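Q: This is the structure, below, for whatever I ask next.
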Amino acid sequence: MRIKEPKTSALVFSSGRIVCTGAKSMAKVKDSINAIIKNIEKIKIKIKSHTPIKVQNMVGSGSVGLDLNLNNLTMTLENTDYEPEQFPGLVYKLPGTRATFLLFSNGKIVCTGTKSEKDLRDAVIKLIGVLKKHNKK
């Protein structure tokens with residue numbers, strides 16, 4: 001199901017579970033879930049209870065403010081996967097965290113795997129420290 005406002009998508013399962021993606025905040029998640037419930041009730045399906053919303057995965061994107069030498073990083077860091085013929089980004093699993101990063105040569109990053117804004121922020125700070133140490137031209 002796609003919701004126009006807030007712009008999100010949801011998978012609705014026969015078990016009653018809903019997986020909502022695309023929301024930019026917890027408030028938007030709640031708004032989306034409420035809109036989904038209203039849509040489901042329109043087709044005469046009764047909603048008995050509301051369970052708490054649980055974040056399973058957060059995705060963040062931004063820039064580290066550095067140009068990155070992906071060839072060097074893949075040679076000096078563990079837990080990397082880089083195949084430039086297949087995809088222009090380096091996949092890096094940050095040790096000690098659940099965070100996985102896509103790193104691009106222009107310094108843009110995408111982080112996935114965290115469950116809170118604090119965990120995401122901490123992972124990015126840790127990543128920047130690792131990059132400053134290992135990103136040699």
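Naming scheme: A, B, ... for chains in displayed order of the structure tokens; residues 1 onward per chain; ligands 1 onward as shown.
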Stretch 44-59 of chain A: which residues within 6 Å, counting only C-alpha atoms, same-chain residues fewer than 4 positions away excluded, as a VMD selection string?
A: chain A and resid 40 111 to 115
Q: The selected residues should be written to file as a PDB file, in the first residue's frame (atoms: N, CA and C atoms).
A:
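out.pdb, written as the output of this step:
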ATOM      1  N   ILE A  40      -7.693   0.247   5.765  1.00  0.00           N
ATOM      2  CA  ILE A  40      -8.102  -1.138   6.020  1.00  0.00           C
ATOM      3  C   ILE A  40      -9.520  -1.173   6.586  1.00  0.00           C
ATOM      4  N   CYS A 111      24.148   4.928   5.296  1.00  0.00           N
ATOM      5  CA  CYS A 111      24.289   4.019   6.435  1.00  0.00           C
ATOM      6  C   CYS A 111      22.978   3.284   6.645  1.00  0.00           C
ATOM      7  N   THR A 112      23.073   1.984   6.868  1.00  0.00           N
ATOM      8  CA  THR A 112      21.898   1.177   7.154  1.00  0.00           C
ATOM      9  C   THR A 112      22.228   0.195   8.272  1.00  0.00           C
ATOM     10  N   GLY A 113      21.194  -0.317   8.913  1.00  0.00           N
ATOM     11  CA  GLY A 113      21.399  -1.340   9.929  1.00  0.00           C
ATOM     12  C   GLY A 113      21.231  -0.878  11.359  1.00  0.00           C
ATOM     13  N   THR A 114      21.184   0.423  11.588  1.00  0.00           N
ATOM     14  CA  THR A 114      21.008   0.910  12.956  1.00  0.00           C
ATOM     15  C   THR A 114      19.523   0.967  13.289  1.00  0.00           C
ATOM     16  N   LYS A 115      19.231   1.044  14.604  1.00  0.00           N
ATOM     17  CA  LYS A 115      17.828   1.040  15.034  1.00  0.00           C
ATOM     18  C   LYS A 115      17.426   2.326  15.744  1.00  0.00           C
TER      19      LYS A 115
END
Q: Applying 7 Å and only C-alpha atoms, which residues near A:Val64 remain after dropping the ones on its own chain fewer than 4 positions away? List them as a CSV table (one decimal) with C-alpha atoms, in the first residue's frame.
A:
chain,number,residue,atom,x,y,z
A,107,GLY,CA,32.5,11.4,0.1
A,108,LYS,CA,28.8,10.6,0.0
A,128,ILE,CA,34.8,9.4,10.1
Q: Hey, what's within 8 Å of A:Asp67 if we count only C-alpha atoms and toss same-chain stuff fewer than 2 positions away? As a count of residues only, please?
A: 5
Q: Which is closer to A:Thr100 than all the others in A:Leu70, A:Val19, A:Val124, A:Met26, using only C-alpha atoms?
A: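 Checking each of A:Leu70, A:Val19, A:Val124, A:Met26 against A:Thr100, counting only C-alpha atoms, the winner is A:Val124.
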Q: Would you give me, as a PyMOL selection string, the residues in chain A that DSSP reads as strand (DSSP E)?
A: chain A and resi 2-3+8-12+18-21+58-63+80-81+90-93+100-103+108-114
Q: How far is it from atom CA of A:Thr74 to atom CA of A:Ala99, in Å with one decimal?
A: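 Between atom CA of A:Thr74 and atom CA of A:Ala99 the gap is 17.0 Å.
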Q: Determine, using only C-alpha atoms, which residues of stretch 19-108 of chain A have any atom at most 10 Å from an atom of stretch 10-15 of chain A, and tabulate each with its shortest atom pair and distance in Å to one decimal place, rows ordered by chain and then rising number, as CSV.
A:
residue,atom,partner,partner_atom,distance
A:Val19,CA,A:Leu11,CA,5.1
A:Cys20,CA,A:Ala10,CA,4.3
A:Thr21,CA,A:Ala10,CA,6.1
A:Gly22,CA,A:Ala10,CA,8.8
A:Ser32,CA,A:Ala10,CA,8.5
A:Ile33,CA,A:Ala10,CA,8.6
A:Ile36,CA,A:Ala10,CA,8.1
A:Ile40,CA,A:Val12,CA,9.5
Q: Any chance you can output those residues with C-alpha atoms as an mmCIF file, in the first residue's frame?
A:
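The file below, part.cif, is the result:
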data_model
loop_
_atom_site.group_PDB
_atom_site.id
_atom_site.type_symbol
_atom_site.label_atom_id
_atom_site.label_comp_id
_atom_site.auth_asym_id
_atom_site.auth_seq_id
_atom_site.Cartn_x
_atom_site.Cartn_y
_atom_site.Cartn_z
ATOM 1 C CA VAL A 19 6.114 -2.926 7.539
ATOM 2 C CA CYS A 20 6.317 0.791 6.773
ATOM 3 C CA THR A 21 9.172 2.303 4.755
ATOM 4 C CA GLY A 22 10.104 5.780 3.608
ATOM 5 C CA SER A 32 1.348 6.475 7.986
ATOM 6 C CA ILE A 33 0.200 3.625 10.213
ATOM 7 C CA ILE A 36 -3.148 2.497 6.650
ATOM 8 C CA ILE A 40 -8.102 -1.138 6.020
#
Q: Output as JSON lines one row per residue of stretch 33-136 of chain A within 12 Å of stretch 2-9 of chain A: the closest atom pair and its distance in Å to one decimal place, counting only C-alpha atoms, sorted by chain and residue number ascending.
A:
{"residue": "A:Ile33", "atom": "CA", "partner": "A:Ile3", "partner_atom": "CA", "distance": 9.5}
{"residue": "A:Asn34", "atom": "CA", "partner": "A:Ile3", "partner_atom": "CA", "distance": 10.5}
{"residue": "A:Ala35", "atom": "CA", "partner": "A:Ile3", "partner_atom": "CA", "distance": 7.4}
{"residue": "A:Ile36", "atom": "CA", "partner": "A:Ile3", "partner_atom": "CA", "distance": 7.6}
{"residue": "A:Ile37", "atom": "CA", "partner": "A:Ile3", "partner_atom": "CA", "distance": 11.3}
{"residue": "A:Lys38", "atom": "CA", "partner": "A:Ile3", "partner_atom": "CA", "distance": 11.3}
{"residue": "A:Asn39", "atom": "CA", "partner": "A:Ile3", "partner_atom": "CA", "distance": 9.8}
Q: Please extract the residues of chain A with a backbone DSSP assignment of alpha helix (DSSP H) and present them as a ChimeraX atom specification.
A: /A:26-42,70-76,117-134
Q: Export, as a PDB file, in the first residue's frame, the selected residues with C-alpha atoms.
A:
ATOM      1  CA  MET A  26       8.671   8.552  14.020  1.00  0.00           C
ATOM      2  CA  ALA A  27       5.814  11.058  13.799  1.00  0.00           C
ATOM      3  CA  LYS A  28       5.540  10.324  10.058  1.00  0.00           C
ATOM      4  CA  VAL A  29       5.586   6.571  10.780  1.00  0.00           C
ATOM      5  CA  LYS A  30       2.660   7.003  13.185  1.00  0.00           C
ATOM      6  CA  ASP A  31       0.767   9.135  10.656  1.00  0.00           C
ATOM      7  CA  SER A  32       1.348   6.475   7.986  1.00  0.00           C
ATOM      8  CA  ILE A  33       0.200   3.625  10.213  1.00  0.00           C
ATOM      9  CA  ASN A  34      -2.946   5.568  11.119  1.00  0.00           C
ATOM     10  CA  ALA A  35      -3.674   6.189   7.416  1.00  0.00           C
ATOM     11  CA  ILE A  36      -3.148   2.497   6.650  1.00  0.00           C
ATOM     12  CA  ILE A  37      -5.505   1.494   9.461  1.00  0.00           C
ATOM     13  CA  LYS A  38      -8.173   3.895   8.127  1.00  0.00           C
ATOM     14  CA  ASN A  39      -7.799   2.380   4.657  1.00  0.00           C
ATOM     15  CA  ILE A  40      -8.102  -1.138   6.020  1.00  0.00           C
ATOM     16  CA  GLU A  41     -11.179  -0.196   8.053  1.00  0.00           C
ATOM     17  CA  LYS A  42     -12.796   1.185   4.869  1.00  0.00           C
ATOM     18  CA  LEU A  70      38.016   3.497  -2.393  1.00  0.00           C
ATOM     19  CA  ASN A  71      40.811   1.321  -3.820  1.00  0.00           C
ATOM     20  CA  ASN A  72      43.042   2.152  -0.858  1.00  0.00           C
ATOM     21  CA  LEU A  73      40.230   1.698   1.656  1.00  0.00           C
ATOM     22  CA  THR A  74      39.360  -1.745   0.340  1.00  0.00           C
ATOM     23  CA  MET A  75      43.014  -2.784   0.740  1.00  0.00           C
ATOM     24  CA  THR A  76      43.516  -1.352   4.242  1.00  0.00           C
ATOM     25  CA  GLU A 117      19.216   8.016  15.602  1.00  0.00           C
ATOM     26  CA  LYS A 118      21.800   7.825  18.394  1.00  0.00           C
ATOM     27  CA  ASP A 119      23.239   4.550  17.038  1.00  0.00           C
ATOM     28  CA  LEU A 120      23.307   6.028  13.538  1.00  0.00           C
ATOM     29  CA  ARG A 121      25.054   9.198  14.733  1.00  0.00           C
ATOM     30  CA  ASP A 122      27.598   7.188  16.779  1.00  0.00           C
ATOM     31  CA  ALA A 123      28.334   4.940  13.795  1.00  0.00           C
ATOM     32  CA  VAL A 124      28.951   7.931  11.503  1.00  0.00           C
ATOM     33  CA  ILE A 125      31.306   9.517  14.056  1.00  0.00           C
ATOM     34  CA  LYS A 126      33.204   6.226  14.358  1.00  0.00           C
ATOM     35  CA  LEU A 127      33.314   5.888  10.550  1.00  0.00           C
ATOM     36  CA  ILE A 128      34.784   9.378  10.128  1.00  0.00           C
ATOM     37  CA  GLY A 129      37.552   8.486  12.585  1.00  0.00           C
ATOM     38  CA  VAL A 130      38.333   5.298  10.648  1.00  0.00           C
ATOM     39  CA  LEU A 131      38.306   7.149   7.317  1.00  0.00           C
ATOM     40  CA  LYS A 132      40.643   9.904   8.516  1.00  0.00           C
ATOM     41  CA  LYS A 133      43.078   7.217   9.664  1.00  0.00           C
ATOM     42  CA  HIS A 134      42.935   5.015   6.540  1.00  0.00           C
TER      43      HIS A 134
END
Q: Kindly indicate which residue among A:Gly60, A:Asp81, A:Leu66, A:Gly89 lies nearest to A:Leu103, using only C-alpha atoms for the distances.
A: A:Gly89
